[in-house]
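Participant: Here you go, final32.pdb (PDB, C-alpha atoms and all ligand atoms):
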MODEL        1
ATOM      1  CA  MET A1218     -35.280 -31.484   1.281
ATOM      2  CA  PRO A1219     -33.723 -28.503  -0.515
ATOM      3  CA  ALA A1220     -34.878 -25.010   0.447
ATOM      4  CA  ILE A1221     -37.789 -23.539  -1.511
ATOM      5  CA  ILE A1222     -37.288 -19.988  -2.750
ATOM      6  CA  ALA A1223     -39.913 -17.639  -4.215
ATOM      7  CA  ASP A1224     -39.903 -13.944  -4.909
ATOM      8  CA  ALA A1225     -42.065 -11.070  -6.148
ATOM      9  CA  PRO A1226     -41.205  -7.607  -7.523
ATOM     10  CA  GLY A1227     -42.085  -4.136  -6.296
ATOM     11  CA  LYS A1228     -44.428  -1.964  -8.320
ATOM     12  CA  ILE A1229     -45.293   1.590  -9.244
ATOM     13  CA  ILE A1230     -48.534   3.044 -10.513
ATOM     14  CA  LEU A1231     -47.910   4.924 -13.762
ATOM     15  CA  PHE A1232     -51.391   6.404 -14.141
ATOM     16  CA  GLY A1233     -54.732   6.366 -12.379
ATOM     17  CA  GLU A1234     -54.116   5.980  -8.621
ATOM     18  CA  HIS A1235     -57.104   6.931  -6.459
ATOM     19  CA  ALA A1236     -59.412   7.153  -9.496
ATOM     20  CA  VAL A1237     -58.936   3.362  -9.759
ATOM     21  CA  VAL A1238     -60.727   2.971  -6.417
ATOM     22  CA  TYR A1239     -63.751   4.524  -8.206
ATOM     23  CA  ARG A1240     -63.541   2.060 -11.091
ATOM     24  CA  ARG A1241     -61.587   4.222 -13.519
ATOM     25  CA  PRO A1242     -58.721   2.502 -15.399
ATOM     26  CA  ALA A1243     -55.161   2.598 -14.091
ATOM     27  CA  ILE A1244     -51.794   1.358 -15.295
ATOM     28  CA  ALA A1245     -49.154  -0.188 -13.048
ATOM     29  CA  VAL A1246     -45.794  -1.772 -13.822
ATOM     30  CA  PRO A1247     -43.540  -4.102 -11.835
ATOM     31  CA  VAL A1248     -40.212  -2.771 -10.583
ATOM     32  CA  THR A1249     -38.001  -5.786 -11.042
ATOM     33  CA  GLU A1250     -34.918  -4.058  -9.608
ATOM     34  CA  THR A1251     -36.506  -4.481  -6.151
ATOM     35  CA  ARG A1252     -37.871  -7.770  -4.819
ATOM     36  CA  ALA A1253     -39.282  -9.544  -1.799
ATOM     37  CA  LYS A1254     -37.822 -13.014  -1.326
ATOM     38  CA  VAL A1255     -38.983 -15.897   0.849
ATOM     39  CA  THR A1256     -36.946 -19.025   1.552
ATOM     40  CA  ILE A1257     -38.537 -22.004   3.309
ATOM     41  CA  GLN A1258     -36.584 -24.793   4.871
ATOM     42  CA  ALA A1259     -38.166 -27.904   6.372
ATOM     43  CA  ASN A1260     -37.335 -28.484  10.045
ATOM     44  CA  ILE A1261     -37.419 -32.257  10.355
ATOM     45  CA  LYS A1262     -36.347 -32.216  13.989
ATOM     46  CA  ALA A1263     -39.301 -30.105  15.151
ATOM     47  CA  PRO A1264     -42.882 -31.314  15.736
ATOM     48  CA  PRO A1265     -45.470 -30.601  12.995
ATOM     49  CA  GLY A1266     -47.201 -27.256  13.378
ATOM     50  CA  LEU A1267     -44.074 -25.302  14.330
ATOM     51  CA  VAL A1268     -43.661 -22.452  11.861
ATOM     52  CA  GLU A1269     -40.685 -20.207  12.570
ATOM     53  CA  ILE A1270     -40.361 -16.817  10.913
ATOM     54  CA  GLU A1271     -37.277 -14.665  10.422
ATOM     55  CA  ALA A1272     -37.569 -11.260   8.779
ATOM     56  CA  PRO A1273     -34.335  -9.451   9.682
ATOM     57  CA  ASP A1274     -35.284  -6.284   7.727
ATOM     58  CA  ILE A1275     -38.043  -5.623  10.268
ATOM     59  CA  GLN A1276     -36.248  -7.246  13.242
ATOM     60  CA  LEU A1277     -38.738 -10.085  13.398
ATOM     61  CA  ALA A1278     -37.786 -13.531  14.683
ATOM     62  CA  CYS A1279     -40.578 -15.574  16.236
ATOM     63  CA  GLU A1280     -42.999 -18.448  15.838
ATOM     64  CA  LEU A1281     -46.199 -18.011  13.850
ATOM     65  CA  ASP A1282     -48.287 -18.563  16.984
ATOM     66  CA  GLN A1283     -46.520 -15.647  18.703
ATOM     67  CA  LEU A1284     -47.497 -13.133  16.037
ATOM     68  CA  ASN A1285     -50.474 -10.828  16.575
ATOM     69  CA  ARG A1286     -53.552 -12.168  14.815
ATOM     70  CA  ASP A1287     -53.567  -9.166  12.485
ATOM     71  CA  HIS A1288     -49.854  -9.150  11.610
ATOM     72  CA  PRO A1289     -49.684  -9.074   7.774
ATOM     73  CA  ILE A1290     -47.003 -11.806   7.620
ATOM     74  CA  GLY A1291     -49.098 -14.049   9.869
ATOM     75  CA  LEU A1292     -52.205 -13.287   7.823
ATOM     76  CA  ALA A1293     -50.420 -14.188   4.587
ATOM     77  CA  ILE A1294     -49.151 -17.493   6.016
ATOM     78  CA  ARG A1295     -52.461 -18.468   7.628
ATOM     79  CA  SER A1296     -54.451 -17.631   4.496
ATOM     80  CA  VAL A1297     -52.467 -20.280   2.586
ATOM     81  CA  PHE A1298     -53.023 -22.907   5.308
ATOM     82  CA  ARG A1299     -56.720 -22.031   5.302
ATOM     83  CA  GLU A1300     -56.917 -22.226   1.518
ATOM     84  CA  LEU A1301     -55.321 -25.701   1.574
ATOM     85  CA  GLN A1302     -57.278 -26.707   4.707
ATOM     86  CA  ILE A1303     -54.091 -27.533   6.574
ATOM     87  CA  SER A1304     -54.313 -27.300  10.342
ATOM     88  CA  ARG A1305     -50.916 -28.800  11.254
ATOM     89  CA  PRO A1306     -48.349 -27.965   8.595
ATOM     90  CA  PRO A1307     -44.972 -29.702   8.569
ATOM     91  CA  ALA A1308     -42.450 -27.836  10.736
ATOM     92  CA  MET A1309     -40.634 -25.195   8.757
ATOM     93  CA  LYS A1310     -38.638 -22.004   8.916
ATOM     94  CA  LEU A1311     -39.488 -19.021   6.679
ATOM     95  CA  HIS A1312     -36.781 -16.483   5.977
ATOM     96  CA  ILE A1313     -38.187 -13.244   4.540
ATOM     97  CA  THR A1314     -36.139 -10.421   3.032
ATOM     98  CA  SER A1315     -37.035  -7.520   0.791
ATOM     99  CA  THR A1316     -35.262  -4.739  -1.051
ATOM    100  CA  ILE A1317     -38.570  -2.939  -1.705
ATOM    101  CA  PRO A1318     -38.750   0.280   0.333
ATOM    102  CA  ILE A1319     -41.428  -0.048   3.030
ATOM    103  CA  ALA A1320     -44.484   2.275   3.051
ATOM    104  CA  ALA A1321     -43.231   4.093  -0.021
ATOM    105  CA  GLY A1322     -45.981   3.136  -2.470
ATOM    106  CA  MET A1323     -43.966   0.344  -4.051
ATOM    107  CA  GLY A1324     -46.123  -2.521  -2.877
ATOM    108  CA  SER A1325     -43.711  -4.001  -0.340
ATOM    109  CA  GLY A1326     -46.544  -5.537   1.696
ATOM    110  CA  ALA A1327     -48.239  -7.123  -1.306
ATOM    111  CA  ALA A1328     -44.903  -8.417  -2.621
ATOM    112  CA  VAL A1329     -44.126 -10.094   0.710
ATOM    113  CA  SER A1330     -47.627 -11.672   0.721
ATOM    114  CA  VAL A1331     -47.206 -12.952  -2.831
ATOM    115  CA  ALA A1332     -43.718 -14.338  -2.172
ATOM    116  CA  ILE A1333     -44.969 -16.046   1.027
ATOM    117  CA  SER A1334     -47.908 -17.639  -0.826
ATOM    118  CA  ARG A1335     -45.734 -18.847  -3.694
ATOM    119  CA  ALA A1336     -43.063 -20.280  -1.428
ATOM    120  CA  LEU A1337     -45.555 -21.980   0.907
ATOM    121  CA  LEU A1338     -47.602 -23.450  -1.945
ATOM    122  CA  ALA A1339     -44.440 -24.855  -3.530
ATOM    123  CA  PHE A1340     -43.221 -26.161  -0.167
ATOM    124  CA  LEU A1341     -46.563 -27.881   0.445
ATOM    125  CA  GLY A1342     -46.625 -29.253  -3.101
ATOM    126  CA  SER A1343     -49.883 -27.504  -4.006
ATOM    127  CA  PRO A1344     -49.220 -24.753  -6.563
ATOM    128  CA  LEU A1345     -52.199 -22.513  -7.308
ATOM    129  CA  PRO A1346     -52.878 -20.244 -10.305
ATOM    130  CA  ASP A1347     -51.721 -16.615 -10.222
ATOM    131  CA  GLU A1348     -55.354 -15.415  -9.955
ATOM    132  CA  LYS A1349     -55.683 -17.254  -6.630
ATOM    133  CA  ILE A1350     -52.311 -16.003  -5.332
ATOM    134  CA  SER A1351     -53.358 -12.476  -6.241
ATOM    135  CA  SER A1352     -56.652 -12.821  -4.387
ATOM    136  CA  LEU A1353     -54.906 -14.182  -1.269
ATOM    137  CA  ALA A1354     -52.645 -11.086  -1.273
ATOM    138  CA  TYR A1355     -55.712  -8.888  -1.819
ATOM    139  CA  GLU A1356     -57.343 -10.285   1.324
ATOM    140  CA  VAL A1357     -54.282  -9.318   3.392
ATOM    141  CA  ASP A1358     -54.212  -5.819   1.831
ATOM    142  CA  ARG A1359     -57.915  -5.401   2.553
ATOM    143  CA  LEU A1360     -57.393  -5.757   6.272
ATOM    144  CA  TYR A1361     -54.817  -2.971   6.103
ATOM    145  CA  HIS A1362     -56.163  -0.544   3.553
ATOM    146  CA  GLY A1363     -59.924  -0.862   3.943
ATOM    147  CA  ASP A1364     -61.138  -1.166   0.393
ATOM    148  CA  PRO A1365     -58.124  -1.383  -1.949
ATOM    149  CA  SER A1366     -58.684  -1.419  -5.689
ATOM    150  CA  GLY A1367     -56.613  -4.598  -6.077
ATOM    151  CA  ILE A1368     -54.107  -3.086  -8.518
ATOM    152  CA  ASP A1369     -51.071  -3.710  -6.244
ATOM    153  CA  ASN A1370     -51.568  -7.437  -5.713
ATOM    154  CA  THR A1371     -52.410  -7.855  -9.408
ATOM    155  CA  VAL A1372     -49.322  -6.221 -10.928
ATOM    156  CA  ILE A1373     -47.057  -7.819  -8.329
ATOM    157  CA  THR A1374     -48.448 -11.322  -8.795
ATOM    158  CA  PHE A1375     -48.366 -11.262 -12.578
ATOM    159  CA  GLY A1376     -45.038  -9.401 -12.675
ATOM    160  CA  ARG A1377     -46.152  -7.703 -15.874
ATOM    161  CA  PRO A1378     -47.464  -4.228 -16.727
ATOM    162  CA  VAL A1379     -51.246  -4.193 -16.249
ATOM    163  CA  TYR A1380     -54.185  -2.097 -17.350
ATOM    164  CA  TYR A1381     -56.567  -2.465 -14.470
ATOM    165  CA  ILE A1382     -60.196  -1.681 -13.731
ATOM    166  CA  LYS A1383     -61.499  -2.669 -10.309
ATOM    167  CA  ASP A1384     -63.591  -5.851 -10.305
ATOM    168  CA  GLN A1385     -62.674  -6.682 -13.885
ATOM    169  CA  SER A1386     -60.088  -9.180 -15.088
ATOM    170  CA  PRO A1387     -56.717  -7.426 -15.369
ATOM    171  CA  GLN A1388     -55.388  -6.919 -18.871
ATOM    172  CA  LEU A1389     -51.668  -7.534 -19.300
ATOM    173  CA  LEU A1390     -50.055  -4.771 -21.341
ATOM    174  CA  THR A1391     -47.487  -5.240 -24.030
ATOM    175  CA  ILE A1392     -44.822  -2.563 -23.863
ATOM    176  CA  ALA A1393     -43.731  -1.842 -27.411
ATOM    177  CA  LYS A1394     -40.632   0.224 -26.500
ATOM    178  CA  PRO A1395     -38.761   0.254 -23.188
ATOM    179  CA  MET A1396     -39.277   3.132 -20.784
ATOM    180  CA  THR A1397     -36.758   4.448 -18.298
ATOM    181  CA  LEU A1398     -38.182   5.770 -15.057
ATOM    182  CA  VAL A1399     -36.553   7.355 -12.047
ATOM    183  CA  ILE A1400     -38.321   6.619  -8.775
ATOM    184  CA  ALA A1401     -37.556   9.066  -5.968
ATOM    185  CA  ASP A1402     -38.563   8.557  -2.355
ATOM    186  CA  THR A1403     -39.572  11.633  -0.336
ATOM    187  CA  GLY A1404     -38.648   9.717   2.822
ATOM    188  CA  GLN A1405     -42.080  10.509   4.204
ATOM    189  CA  GLN A1406     -43.935   7.271   4.837
ATOM    190  CA  LYS A1407     -47.063   7.441   2.735
ATOM    191  CA  ARG A1408     -50.303   6.648   4.477
ATOM    192  CA  THR A1409     -52.529   4.800   2.053
ATOM    193  CA  SER A1410     -55.595   4.444   4.243
ATOM    194  CA  GLU A1411     -55.439   8.116   5.270
ATOM    195  CA  ALA A1412     -55.025   9.329   1.675
ATOM    196  CA  VAL A1413     -57.838   7.081   0.425
ATOM    197  CA  ALA A1414     -60.126   8.132   3.302
ATOM    198  CA  GLY A1415     -59.380  11.819   2.615
ATOM    199  CA  VAL A1416     -60.366  11.457  -1.032
ATOM    200  CA  ARG A1417     -63.522   9.588   0.008
ATOM    201  CA  GLU A1418     -64.494  12.384   2.397
ATOM    202  CA  ARG A1419     -63.973  15.087  -0.218
ATOM    203  CA  TRP A1420     -65.784  12.982  -2.855
ATOM    204  CA  GLU A1421     -68.769  12.678  -0.516
ATOM    205  CA  LYS A1422     -68.833  16.468  -0.014
ATOM    206  CA  ASP A1423     -68.388  17.335  -3.679
ATOM    207  CA  THR A1424     -69.211  14.229  -5.672
ATOM    208  CA  GLU A1425     -69.665  15.997  -8.988
ATOM    209  CA  ARG A1426     -66.250  17.645  -8.925
ATOM    210  CA  TYR A1427     -64.463  14.465  -7.869
ATOM    211  CA  GLU A1428     -66.272  12.324 -10.421
ATOM    212  CA  ARG A1429     -65.072  14.820 -13.043
ATOM    213  CA  LEU A1430     -61.487  14.548 -11.787
ATOM    214  CA  PHE A1431     -61.684  10.730 -11.844
ATOM    215  CA  ASP A1432     -63.094  10.840 -15.389
ATOM    216  CA  GLN A1433     -60.218  13.056 -16.527
ATOM    217  CA  ILE A1434     -57.721  10.663 -14.978
ATOM    218  CA  GLY A1435     -59.455   7.731 -16.671
ATOM    219  CA  VAL A1436     -59.119   9.453 -20.049
ATOM    220  CA  ILE A1437     -55.390   9.956 -19.382
ATOM    221  CA  ALA A1438     -54.932   6.275 -18.473
ATOM    222  CA  ASN A1439     -56.635   5.216 -21.704
ATOM    223  CA  GLN A1440     -54.474   7.566 -23.782
ATOM    224  CA  ALA A1441     -51.380   6.284 -21.998
ATOM    225  CA  ARG A1442     -52.297   2.696 -22.734
ATOM    226  CA  LYS A1443     -52.426   3.416 -26.472
ATOM    227  CA  ILE A1444     -49.066   5.209 -26.358
ATOM    228  CA  ILE A1445     -47.438   2.384 -24.408
ATOM    229  CA  GLU A1446     -48.733  -0.220 -26.823
ATOM    230  CA  LYS A1447     -47.776   1.860 -29.849
ATOM    231  CA  GLY A1448     -44.251   2.404 -28.589
ATOM    232  CA  SER A1449     -43.737   6.153 -28.295
ATOM    233  CA  PRO A1450     -43.032   6.504 -24.559
ATOM    234  CA  VAL A1451     -41.829  10.123 -24.907
ATOM    235  CA  GLN A1452     -45.470  11.089 -25.354
ATOM    236  CA  LEU A1453     -46.254   9.795 -21.880
ATOM    237  CA  GLY A1454     -44.441  12.743 -20.285
ATOM    238  CA  PRO A1455     -47.163  15.387 -20.731
ATOM    239  CA  LEU A1456     -49.783  12.858 -19.582
ATOM    240  CA  MET A1457     -47.821  12.285 -16.363
ATOM    241  CA  ASP A1458     -47.704  16.046 -15.755
ATOM    242  CA  GLU A1459     -51.461  16.309 -16.347
ATOM    243  CA  ASN A1460     -52.161  13.379 -14.042
ATOM    244  CA  GLN A1461     -50.038  15.039 -11.349
ATOM    245  CA  GLU A1462     -52.036  18.281 -11.610
ATOM    246  CA  LEU A1463     -55.267  16.328 -11.122
ATOM    247  CA  LEU A1464     -53.809  14.457  -8.125
ATOM    248  CA  LYS A1465     -52.823  17.821  -6.630
ATOM    249  CA  GLU A1466     -56.368  19.053  -7.110
ATOM    250  CA  MET A1467     -57.561  15.947  -5.293
ATOM    251  CA  GLY A1468     -55.389  16.930  -2.334
ATOM    252  CA  VAL A1469     -53.074  13.890  -2.262
ATOM    253  CA  SER A1470     -49.768  15.524  -3.176
ATOM    254  CA  SER A1471     -47.499  17.091  -0.540
ATOM    255  CA  ALA A1472     -44.935  19.889  -0.415
ATOM    256  CA  GLU A1473     -42.125  17.317  -0.675
ATOM    257  CA  LEU A1474     -43.717  15.540  -3.622
ATOM    258  CA  ASP A1475     -44.310  18.860  -5.390
ATOM    259  CA  ARG A1476     -40.674  19.825  -4.829
ATOM    260  CA  LEU A1477     -39.365  16.542  -6.232
ATOM    261  CA  VAL A1478     -41.716  16.662  -9.221
ATOM    262  CA  ALA A1479     -40.585  20.228 -10.043
ATOM    263  CA  SER A1480     -36.942  19.312  -9.645
ATOM    264  CA  ALA A1481     -37.299  16.298 -11.971
ATOM    265  CA  GLN A1482     -38.925  18.521 -14.557
ATOM    266  CA  GLN A1483     -36.106  21.078 -14.234
ATOM    267  CA  ALA A1484     -33.536  18.299 -14.638
ATOM    268  CA  GLY A1485     -35.027  17.370 -17.994
ATOM    269  CA  ALA A1486     -37.565  14.663 -17.123
ATOM    270  CA  LEU A1487     -40.161  14.213 -19.843
ATOM    271  CA  GLY A1488     -42.880  14.153 -17.188
ATOM    272  CA  ALA A1489     -43.253  13.488 -13.468
ATOM    273  CA  LYS A1490     -45.906  12.687 -10.915
ATOM    274  CA  LEU A1491     -46.467  11.129  -7.531
ATOM    275  CA  SER A1492     -47.040   7.378  -7.603
ATOM    276  CA  GLY A1493     -49.330   5.451  -5.276
ATOM    277  CA  ALA A1494     -51.405   6.902  -2.485
ATOM    278  CA  GLY A1495     -49.456  10.158  -2.125
ATOM    279  CA  LEU A1496     -49.130  12.369   0.988
ATOM    280  CA  GLY A1497     -45.523  11.149   0.904
ATOM    281  CA  GLY A1498     -43.969   8.066  -0.618
ATOM    282  CA  ASN A1499     -42.572   8.189  -4.113
ATOM    283  CA  CYS A1500     -42.650  10.303  -7.195
ATOM    284  CA  ILE A1501     -41.735   8.936 -10.613
ATOM    285  CA  ALA A1502     -40.057  10.761 -13.481
ATOM    286  CA  LEU A1503     -39.926   9.673 -17.102
ATOM    287  CA  ALA A1504     -36.346   9.785 -18.351
ATOM    288  CA  THR A1505     -34.235   8.349 -21.132
ATOM    289  CA  PRO A1506     -31.300   5.992 -20.587
ATOM    290  CA  GLU A1507     -29.060   9.039 -21.178
ATOM    291  CA  THR A1508     -30.784  11.440 -18.754
ATOM    292  CA  ALA A1509     -31.797   9.048 -15.954
ATOM    293  CA  GLN A1510     -28.632   9.348 -13.868
ATOM    294  CA  ALA A1511     -28.574  13.155 -13.968
ATOM    295  CA  ILE A1512     -32.264  13.316 -13.018
ATOM    296  CA  ALA A1513     -31.645  10.891 -10.146
ATOM    297  CA  SER A1514     -28.744  13.045  -8.849
ATOM    298  CA  GLN A1515     -30.859  16.181  -9.101
ATOM    299  CA  LEU A1516     -33.644  14.479  -7.150
ATOM    300  CA  MET A1517     -31.185  13.515  -4.403
ATOM    301  CA  SER A1518     -30.006  17.142  -4.225
ATOM    302  CA  ALA A1519     -33.653  18.221  -3.966
ATOM    303  CA  GLY A1520     -34.136  16.051  -0.864
ATOM    304  CA  ALA A1521     -34.996  12.548  -2.068
ATOM    305  CA  VAL A1522     -33.738   9.922   0.370
ATOM    306  CA  ARG A1523     -33.367   7.261  -2.316
ATOM    307  CA  THR A1524     -33.703   6.902  -6.052
ATOM    308  CA  ILE A1525     -34.173   3.793  -8.158
ATOM    309  CA  ILE A1526     -33.742   3.769 -11.918
ATOM    310  CA  THR A1527     -35.978   1.194 -13.525
ATOM    311  CA  ARG A1528     -36.377   0.032 -17.074
ATOM    312  CA  VAL A1529     -39.841  -1.150 -17.969
ATOM    313  CA  GLY A1530     -39.679  -3.008 -21.160
ATOM    314  CA  PRO A1531     -40.703  -5.697 -23.510
ATOM    315  CA  LYS A1532     -39.725  -8.847 -21.637
TER
HETATM  316  O1  LIG B   1     -49.408   3.711  -2.323
HETATM  317  P1  LIG B   1     -50.002   2.400  -2.603
HETATM  318  O2  LIG B   1     -49.089   1.467  -3.263
HETATM  319  O3  LIG B   1     -50.661   1.805  -1.392
HETATM  320  O4  LIG B   1     -51.121   2.632  -3.716
HETATM  321  C1  LIG B   1     -52.406   3.034  -3.406
HETATM  322  C2  LIG B   1     -53.157   3.228  -4.692
HETATM  323  C3  LIG B   1     -54.554   3.797  -4.491
HETATM  324  O5  LIG B   1     -55.122   3.932  -5.775
HETATM  325  C4  LIG B   1     -54.500   5.156  -3.828
HETATM  326  C5  LIG B   1     -55.412   2.887  -3.622
HETATM  327  C6  LIG B   1     -55.838   1.604  -4.303
HETATM  328  O6  LIG B   1     -56.338   0.736  -3.576
HETATM  329  O7  LIG B   1     -55.718   1.468  -5.533
ENDMDL
END
Please lay out the structure from this file as structure tokens.
Facilitator:
Amino acid sequence: MPAIIADAPGKIILFGEHAVVYRRPAIAVPVTETRAKVTIQANIKAPPGLVEIEAPDIQLACELDQLNRDHPIGLAIRSVFRELQISRPPAMKLHITSTIPIAAGMGSGAAVSVAISRALLAFLGSPLPDEKISSLAYEVDRLYHGDPSGIDNTVITFGRPVYYIKDQSPQLLTIAKPMTLVIADTGQQKRTSEAVAGVRERWEKDTERYERLFDQIGVIANQARKIIEKGSPVQLGPLMDENQELLKEMGVSSAELDRLVASAQQAGALGAKLSGAGLGGNCIALATPETAQAIASQLMSAGAVRTIITRVGPK
């Protein structure tokens, strides 16, 4: 039997992180330059039930039964077996690799879950619709992040830009004109659950103020959607700057993120903001194909540990 291969892209949130947890709209796009990839090979010599896992990027090589019950890779694999009501799967070996930076707000965990589900479902001959794959990845995320909005698993599963409101069907966005973005990693691992819990605490203390901030972010996301669909991406720049100011007010930026955002702006970015949970992780800067490289170099000089230039475009 030939090997089965499946993959899933990374992602960034363009507008609306945190507010999306409170049911305001957000926009996320896949980052196809980075991917998680899962290869499954049948092991006909081994007894059924033996599932071997190799994930060299995180120095993991073991059997499924040896993994902690709450290990995200184990959870992703078991959730597929549970969904298909399989108790003794055919023996197999999963090889997992990813070029998506870990804990940087680019959805590496969700992408690995999605790639595992897709590969396993194909291997077992039981493909499921994207909605189901997305909800399997959501369940894994939930155990790690408490109460995630679901935007990560959605954009990563569909591999298309999405306009997303929690608990509503995602709307796939049509990008009228391509956008060039520079993603810059602060090198500080972002801590999603901590950032989300911090916002929750402050929201509980000052609900009115935070609801106002979320509303303002929601308005920005709606304006951005129109601009994206109309095809004048340059106009997104000021909206990114505004969104960043509101995220700062919410207390989820950091000195490093602020420094990178300022340096992108100085280097000629049309707009810049943190992306994802904040308190570290990535910032994103809107560039043009002509300015992207110079902005990326400037961000490296300002302390970024890695930059990725991505083009988000009509397919
Ligand atoms: O940094 P990430 O990729 O985990 O993004 C978190 C986005 C939040 O809006 C802060 C949380 C969520 O569940 O949407």
Participant: Taking the file above as input, evaluate the PyMOL selection byres (((not hetatm)) within 7 of (chain B and resi 1)) and report the hits as an MDAnalysis selection string.
Facilitator: chainID A and resid 1234:1238 1321:1324 1364:1369 1407 1409 1412:1413 1492:1495
Participant: How many Å separate atom CA of Pro1306 of chain A from atom CA of Ile1261 of chain A?
Facilitator: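 According to the coordinates, atom CA of Pro1306 of chain A and atom CA of Ile1261 of chain A are separated by 11.9 Å.
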Participant: Just give me the gap between atom CA of Leu1491 of chain A and atom CA of Ser1325 of chain A in Å, one decimal is fine.
Facilitator: 17.0 Å
Participant: Using Å and a single decimal, report how far atom CA of Lys1349 of chain A sits from atom CA of Arg1528 of chain A.
Facilitator: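 For atom CA of Arg1528 of chain A relative to atom CA of Lys1349 of chain A, the distance reads 27.9 Å.
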Participant: If we count all atoms listed in the file, what is near Ile1303 of chain A at a cut-off of 10 Å, once residues fewer than 6 positions away on the same chain are taken out, given as a ChimeraX atom specification?
Facilitator: /A:1266,1295,1297,1341
Participant: Step by step, work through what the PyMOL selection byres (((chain A and resi 1404) around 9) and not hetatm) selects in the shown file, and finish by giving those residues as a ChimeraX atom specification.
Facilitator: /A:1321,1401-1403,1405-1407,1497-1499,1520-1523
Participant: Quick one: which residues end up in the PyMOL selection byres (((chain A and resi 1480) around 12) and not hetatm) for this structure, as a ChimeraX atom specification?
Facilitator: /A:1401,1473-1479,1481-1490,1500-1502,1511-1521
Participant: Would you list the contacts of Gly1326 of chain A as a PyMOL selection string, taking every protein, DNA or RNA residue within 8 Å and counting all atoms listed in the file, but skipping same-chain residues closer than 4 positions in sequence?
Facilitator: chain A and resi 1289+1319+1330+1358
Participant: Find, counting only C-alpha atoms, the residue in A:Ala1220, A:Gln1276, A:Val1248, A:Lys1383 that gets nearest to Met1309 of chain A.
Facilitator: A:Ala1220
Participant: If you count all atoms listed in the file, which residues fall within 7 Å of Val1529 of chain A, apart from same-chain ones fewer than 3 positions away, as a count of residues only?
Facilitator: 3
Participant: Looking at A:Val1416, A:Ile1222, A:Ala1354, A:Ala1438, which one is nearest to Leu1496 of chain A, with distances taken over only C-alpha atoms?
Facilitator: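 For Leu1496 of chain A, the nearest of the given residues is A:Val1416.
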Participant: With only C-alpha atoms as the atoms that count, which of A:Thr1251, A:Gln1302, A:Ser1410, A:Ser1334 lies nearest to Gly1363 of chain A?
Facilitator: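 Ranked by minimum distance to Gly1363 of chain A, first place goes to A:Ser1410.
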